[in-house]
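What follows is one structure encoded as structure tokens, with my remarks underneath.
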Amino acid sequence: MSVDNLQQPSKQQQTSPLRIAVLVSGNGSNLQVLIDAMQAGALPINIVGVISNRDDAYAITRAQQTNIPVTVLSHTANGKRMAIKTFETHASAQFATWKPDLIVLAGFMRVLSAAFIDSTPAPMINLHPALLPAYKGMNTHQRAVQAGERYHGCSVHVVTVELDAGQVLTQAVLNVNAKDNADSLQTRVQVLEHQLLPWTILLLAKGVLPLNANDKLPDTISHLPILPLRLCLDN
Ligand code: GRF
């Protein structure tokens, strides 16, 4: 394989920062990693807005401290649950304003509808705390411990209508120790998440990984090893 065969990033990807909208529900430590990398000039991104579905998420404070626009679409207000359709209508309006190139679900805990996923104006990726396709859904660390897994980790995948089932782009792997429990695994996997998410976004921003979720990944990058790319860290 010659270097000449490598797909060149588009001019847009080479010159303008990737416009990113981030959806969050909690602490926002992954959002913070992206903010820090953006501010350090380590990632060619512009976080154009953050949406939280919880009004008590610390991620909101993190965004506000950096003057990133935040929209809070609380899943409960006055004791009433906000219907997902209402959330999605407001989120779509924000996307129309922010014009993101990429939507990142970073600890976002609501399940989105098929209609919304199919109509987002930009590709959407999710950070999942397990080595997909193993352990889709919730309580991944507990289930991995109970199953006696030797390896565990996290994945970044394209969001599709089927939950946690879209193309896996990248993964980070760790060895499960005999002493690990769900809490220790959560802590150790988060260390990996904080490395995997910015690396994945860098690969997307540089055009190494295809940004358009509709691209047939194997055709687009047929000259590269089959996905996911795995980041192996000794921690
Ligand atoms: C992460 O562990 C992610 O895998 C899970 O939620 C957590 C979010 O963490 N889905 P934070 O809000 O980014 O700190």
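Identifiers in the structure tokens: chain A, B, ... in order shown; residue index from 1 per chain; ligand index from 1 in order shown.
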
Based on the backbone DSSP call, show me all residues of chain A assigned helix (DSSP H, G or I), as JSON, numbers by chain. {"A": [3, 4, 5, 11, 12, 13, 14, 15, 29, 30, 31, 32, 33, 34, 35, 36, 37, 38, 39, 58, 59, 60, 61, 62, 63, 64, 65, 84, 85, 86, 87, 88, 89, 90, 91, 92, 93, 94, 95, 96, 97, 98, 114, 115, 116, 117, 118, 119, 140, 141, 142, 143, 144, 145, 146, 182, 183, 184, 185, 186, 187, 188, 189, 190, 191, 192, 193, 194, 195, 196, 197, 198, 199, 200, 201, 202, 203, 204, 205, 217, 218, 219, 220]}

For range 200-203 of chain A, find every residue with an atom within 9 Å (counting only C-alpha atoms), except residues of its own chain fewer than 4 positions away, and show them as a VMD selection string. chain A and resid 18 42 to 45 156 169 to 170 195 to 196 207 to 210

Listing only residues of chain A within 7 Å of ligand 1, what is the closest atom pair and its distance in Å (to one decimal) for each, using only C-alpha atoms and all ligand atoms, sorted by chain and residue number ascending, as CSV?
```
residue,atom,partner,partner_atom_place_in_ligand_line,distance
A:Val24,CA,ligand 1,12 (O),6.5
A:Ser25,CA,ligand 1,12 (O),6.4
A:Gly26,CA,ligand 1,12 (O),4.4
A:Asn27,CA,ligand 1,12 (O),3.9
A:Gly28,CA,ligand 1,12 (O),3.5
A:Ser29,CA,ligand 1,14 (O),3.5
A:Asn30,CA,ligand 1,13 (O),3.7
A:Leu31,CA,ligand 1,13 (O),5.8
A:Ala59,CA,ligand 1,12 (O),6.8
A:Ala106,CA,ligand 1,13 (O),5.5
A:Gly107,CA,ligand 1,8 (C),3.5
A:Phe108,CA,ligand 1,10 (N),6.3
A:Met109,CA,ligand 1,10 (N),6.8
A:Leu127,CA,ligand 1,4 (O),5.5
A:His128,CA,ligand 1,4 (O),4.7
A:Pro129,CA,ligand 1,4 (O),4.1
A:Gln186,CA,ligand 1,2 (O),6.7
A:Gln190,CA,ligand 1,2 (O),5.5
A:Glu193,CA,ligand 1,4 (O),6.9
```

Near-range 157-167 of chain A list (6 Å; only C-alpha atoms; drop same-chain fewer than 2 positions) as a PyMOL selection string: chain A and resi 114+124-126+136+169

Writer output for current selection, all heavy atoms, as an mmCIF file, in the first residue's frame:
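The new file out.cif reads:
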```cif
data_model
loop_
_atom_site.group_PDB
_atom_site.id
_atom_site.type_symbol
_atom_site.label_atom_id
_atom_site.label_comp_id
_atom_site.auth_asym_id
_atom_site.auth_seq_id
_atom_site.Cartn_x
_atom_site.Cartn_y
_atom_site.Cartn_z
ATOM 1 N N ALA A 114 -36.214 7.019 16.639
ATOM 2 C CA ALA A 114 -35.702 6.686 15.303
ATOM 3 C C ALA A 114 -35.824 7.892 14.372
ATOM 4 O O ALA A 114 -34.910 8.189 13.595
ATOM 5 C CB ALA A 114 -36.472 5.495 14.746
ATOM 6 N N MET A 124 -23.804 11.447 14.188
ATOM 7 C CA MET A 124 -23.883 11.457 15.653
ATOM 8 C C MET A 124 -23.104 10.248 16.164
ATOM 9 O O MET A 124 -23.276 9.135 15.666
ATOM 10 C CB MET A 124 -25.363 11.373 16.055
ATOM 11 C CG MET A 124 -25.621 11.513 17.522
ATOM 12 S SD MET A 124 -27.291 12.166 17.856
ATOM 13 C CE MET A 124 -28.339 10.978 17.057
ATOM 14 N N ILE A 125 -22.220 10.479 17.148
ATOM 15 C CA ILE A 125 -21.462 9.382 17.740
ATOM 16 C C ILE A 125 -21.749 9.312 19.230
ATOM 17 O O ILE A 125 -22.130 10.301 19.854
ATOM 18 C CB ILE A 125 -19.941 9.518 17.493
ATOM 19 C CG1 ILE A 125 -19.390 10.818 18.093
ATOM 20 C CG2 ILE A 125 -19.619 9.395 15.998
ATOM 21 C CD1 ILE A 125 -17.866 10.929 18.041
ATOM 22 N N ASN A 126 -21.551 8.101 19.796
ATOM 23 C CA ASN A 126 -21.821 7.880 21.211
ATOM 24 C C ASN A 126 -20.620 7.196 21.851
ATOM 25 O O ASN A 126 -19.963 6.365 21.221
ATOM 26 C CB ASN A 126 -23.058 6.982 21.362
ATOM 27 C CG ASN A 126 -23.390 6.695 22.816
ATOM 28 O OD1 ASN A 126 -23.403 7.600 23.653
ATOM 29 N ND2 ASN A 126 -23.647 5.434 23.142
ATOM 30 N N LYS A 136 -24.264 -4.131 25.423
ATOM 31 C CA LYS A 136 -25.065 -2.963 25.054
ATOM 32 C C LYS A 136 -25.909 -2.587 26.270
ATOM 33 O O LYS A 136 -26.136 -3.414 27.151
ATOM 34 C CB LYS A 136 -25.986 -3.311 23.875
ATOM 35 C CG LYS A 136 -25.210 -3.657 22.619
ATOM 36 C CD LYS A 136 -26.128 -4.166 21.532
ATOM 37 C CE LYS A 136 -25.303 -4.520 20.306
ATOM 38 N NZ LYS A 136 -26.066 -5.256 19.302
ATOM 39 N N LEU A 169 -16.354 2.653 15.815
ATOM 40 C CA LEU A 169 -15.214 3.330 15.198
ATOM 41 C C LEU A 169 -13.916 3.014 15.922
ATOM 42 O O LEU A 169 -12.905 2.696 15.297
ATOM 43 C CB LEU A 169 -15.449 4.846 15.204
ATOM 44 C CG LEU A 169 -16.682 5.344 14.437
ATOM 45 C CD1 LEU A 169 -16.878 6.834 14.675
ATOM 46 C CD2 LEU A 169 -16.543 5.054 12.951
#
```

How far is it from CA of Gln94 in chain A to CA of Ala205 in chain A, in Å with one decimal? 21.7 Å

Nearby residues (only C-alpha atoms) at most 9 Å from range 83-89 of chain A, same-chain spacing under 5 positions excluded, as a PDB file with all heavy atoms, in the first residue's frame:
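Result file around.pdb:
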```pdb
ATOM      1  N   ASN A  53     -30.044  17.103  29.374  1.00  0.00           N
ATOM      2  CA  ASN A  53     -31.430  16.724  29.669  1.00  0.00           C
ATOM      3  C   ASN A  53     -31.682  16.694  31.177  1.00  0.00           C
ATOM      4  O   ASN A  53     -32.744  16.269  31.608  1.00  0.00           O
ATOM      5  CB  ASN A  53     -31.777  15.354  29.072  1.00  0.00           C
ATOM      6  CG  ASN A  53     -31.115  14.216  29.800  1.00  0.00           C
ATOM      7  OD1 ASN A  53     -29.914  14.285  30.045  1.00  0.00           O
ATOM      8  ND2 ASN A  53     -31.866  13.198  30.170  1.00  0.00           N
ATOM      9  N   LEU A  73     -32.717  21.017  28.687  1.00  0.00           N
ATOM     10  CA  LEU A  73     -34.049  20.488  28.363  1.00  0.00           C
ATOM     11  C   LEU A  73     -34.336  19.416  29.389  1.00  0.00           C
ATOM     12  O   LEU A  73     -34.175  18.220  29.134  1.00  0.00           O
ATOM     13  CB  LEU A  73     -34.055  19.918  26.938  1.00  0.00           C
ATOM     14  CG  LEU A  73     -33.683  20.914  25.834  1.00  0.00           C
ATOM     15  CD1 LEU A  73     -33.516  20.196  24.499  1.00  0.00           C
ATOM     16  CD2 LEU A  73     -34.760  21.990  25.720  1.00  0.00           C
ATOM     17  N   SER A  74     -34.694  19.873  30.592  1.00  0.00           N
ATOM     18  CA  SER A  74     -34.823  18.955  31.723  1.00  0.00           C
ATOM     19  C   SER A  74     -35.862  17.887  31.434  1.00  0.00           C
ATOM     20  O   SER A  74     -36.949  18.180  30.930  1.00  0.00           O
ATOM     21  CB  SER A  74     -35.212  19.745  32.966  1.00  0.00           C
ATOM     22  OG  SER A  74     -35.420  18.850  34.031  1.00  0.00           O
ATOM     23  N   HIS A  75     -35.476  16.641  31.756  1.00  0.00           N
ATOM     24  CA  HIS A  75     -36.412  15.546  31.478  1.00  0.00           C
ATOM     25  C   HIS A  75     -37.579  15.548  32.451  1.00  0.00           C
ATOM     26  O   HIS A  75     -38.580  14.895  32.232  1.00  0.00           O
ATOM     27  CB  HIS A  75     -35.700  14.188  31.463  1.00  0.00           C
ATOM     28  CG  HIS A  75     -35.143  13.785  32.795  1.00  0.00           C
ATOM     29  ND1 HIS A  75     -34.285  14.580  33.501  1.00  0.00           N
ATOM     30  CD2 HIS A  75     -35.319  12.683  33.545  1.00  0.00           C
ATOM     31  CE1 HIS A  75     -33.965  13.972  34.623  1.00  0.00           C
ATOM     32  NE2 HIS A  75     -34.575  12.831  34.679  1.00  0.00           N
ATOM     33  N   GLN A  94     -31.987  23.785  18.150  1.00  0.00           N
ATOM     34  CA  GLN A  94     -30.622  24.200  18.496  1.00  0.00           C
ATOM     35  C   GLN A  94     -29.645  23.807  17.404  1.00  0.00           C
ATOM     36  O   GLN A  94     -28.746  24.570  17.045  1.00  0.00           O
ATOM     37  CB  GLN A  94     -30.189  23.579  19.826  1.00  0.00           C
ATOM     38  CG  GLN A  94     -30.826  24.215  21.038  1.00  0.00           C
ATOM     39  CD  GLN A  94     -30.561  25.713  21.095  1.00  0.00           C
ATOM     40  OE1 GLN A  94     -29.608  26.230  20.514  1.00  0.00           O
ATOM     41  NE2 GLN A  94     -31.418  26.445  21.757  1.00  0.00           N
ATOM     42  N   ARG A 110     -30.572   9.617  27.673  1.00  0.00           N
ATOM     43  CA  ARG A 110     -31.940   9.385  27.171  1.00  0.00           C
ATOM     44  C   ARG A 110     -31.865   8.642  25.852  1.00  0.00           C
ATOM     45  O   ARG A 110     -30.946   8.861  25.051  1.00  0.00           O
ATOM     46  CB  ARG A 110     -32.693  10.708  26.951  1.00  0.00           C
ATOM     47  CG  ARG A 110     -33.265  11.288  28.238  1.00  0.00           C
ATOM     48  CD  ARG A 110     -34.414  12.252  27.979  1.00  0.00           C
ATOM     49  NE  ARG A 110     -35.712  11.582  27.886  1.00  0.00           N
ATOM     50  CZ  ARG A 110     -36.879  12.217  27.902  1.00  0.00           C
ATOM     51  NH1 ARG A 110     -36.917  13.527  28.011  1.00  0.00           N
ATOM     52  NH2 ARG A 110     -38.011  11.545  27.812  1.00  0.00           N
ATOM     53  N   VAL A 111     -32.866   7.784  25.631  1.00  0.00           N
ATOM     54  CA  VAL A 111     -32.924   7.052  24.366  1.00  0.00           C
ATOM     55  C   VAL A 111     -33.663   7.928  23.354  1.00  0.00           C
ATOM     56  O   VAL A 111     -34.776   8.392  23.612  1.00  0.00           O
ATOM     57  CB  VAL A 111     -33.653   5.704  24.546  1.00  0.00           C
ATOM     58  CG1 VAL A 111     -33.814   4.993  23.201  1.00  0.00           C
ATOM     59  CG2 VAL A 111     -32.886   4.820  25.524  1.00  0.00           C
ATOM     60  N   LEU A 112     -33.021   8.169  22.224  1.00  0.00           N
ATOM     61  CA  LEU A 112     -33.589   9.048  21.197  1.00  0.00           C
ATOM     62  C   LEU A 112     -34.445   8.243  20.217  1.00  0.00           C
ATOM     63  O   LEU A 112     -34.203   7.055  19.995  1.00  0.00           O
ATOM     64  CB  LEU A 112     -32.447   9.751  20.452  1.00  0.00           C
ATOM     65  CG  LEU A 112     -31.581  10.651  21.355  1.00  0.00           C
ATOM     66  CD1 LEU A 112     -30.268  11.002  20.675  1.00  0.00           C
ATOM     67  CD2 LEU A 112     -32.350  11.910  21.750  1.00  0.00           C
ATOM     68  N   SER A 113     -35.397   8.940  19.614  1.00  0.00           N
ATOM     69  CA  SER A 113     -36.313   8.239  18.703  1.00  0.00           C
ATOM     70  C   SER A 113     -35.650   7.983  17.349  1.00  0.00           C
ATOM     71  O   SER A 113     -34.693   8.668  16.956  1.00  0.00           O
ATOM     72  CB  SER A 113     -37.584   9.063  18.491  1.00  0.00           C
ATOM     73  OG  SER A 113     -37.315  10.144  17.628  1.00  0.00           O
ATOM     74  N   PHE A 116     -35.757  11.047  15.043  1.00  0.00           N
ATOM     75  CA  PHE A 116     -34.733  12.057  15.364  1.00  0.00           C
ATOM     76  C   PHE A 116     -33.360  11.603  14.859  1.00  0.00           C
ATOM     77  O   PHE A 116     -32.639  12.373  14.216  1.00  0.00           O
ATOM     78  CB  PHE A 116     -34.701  12.271  16.882  1.00  0.00           C
ATOM     79  CG  PHE A 116     -33.699  13.286  17.341  1.00  0.00           C
ATOM     80  CD1 PHE A 116     -33.973  14.642  17.233  1.00  0.00           C
ATOM     81  CD2 PHE A 116     -32.495  12.888  17.890  1.00  0.00           C
ATOM     82  CE1 PHE A 116     -33.056  15.590  17.668  1.00  0.00           C
ATOM     83  CE2 PHE A 116     -31.569  13.831  18.330  1.00  0.00           C
ATOM     84  CZ  PHE A 116     -31.852  15.184  18.215  1.00  0.00           C
TER      85      PHE A 116
END
```
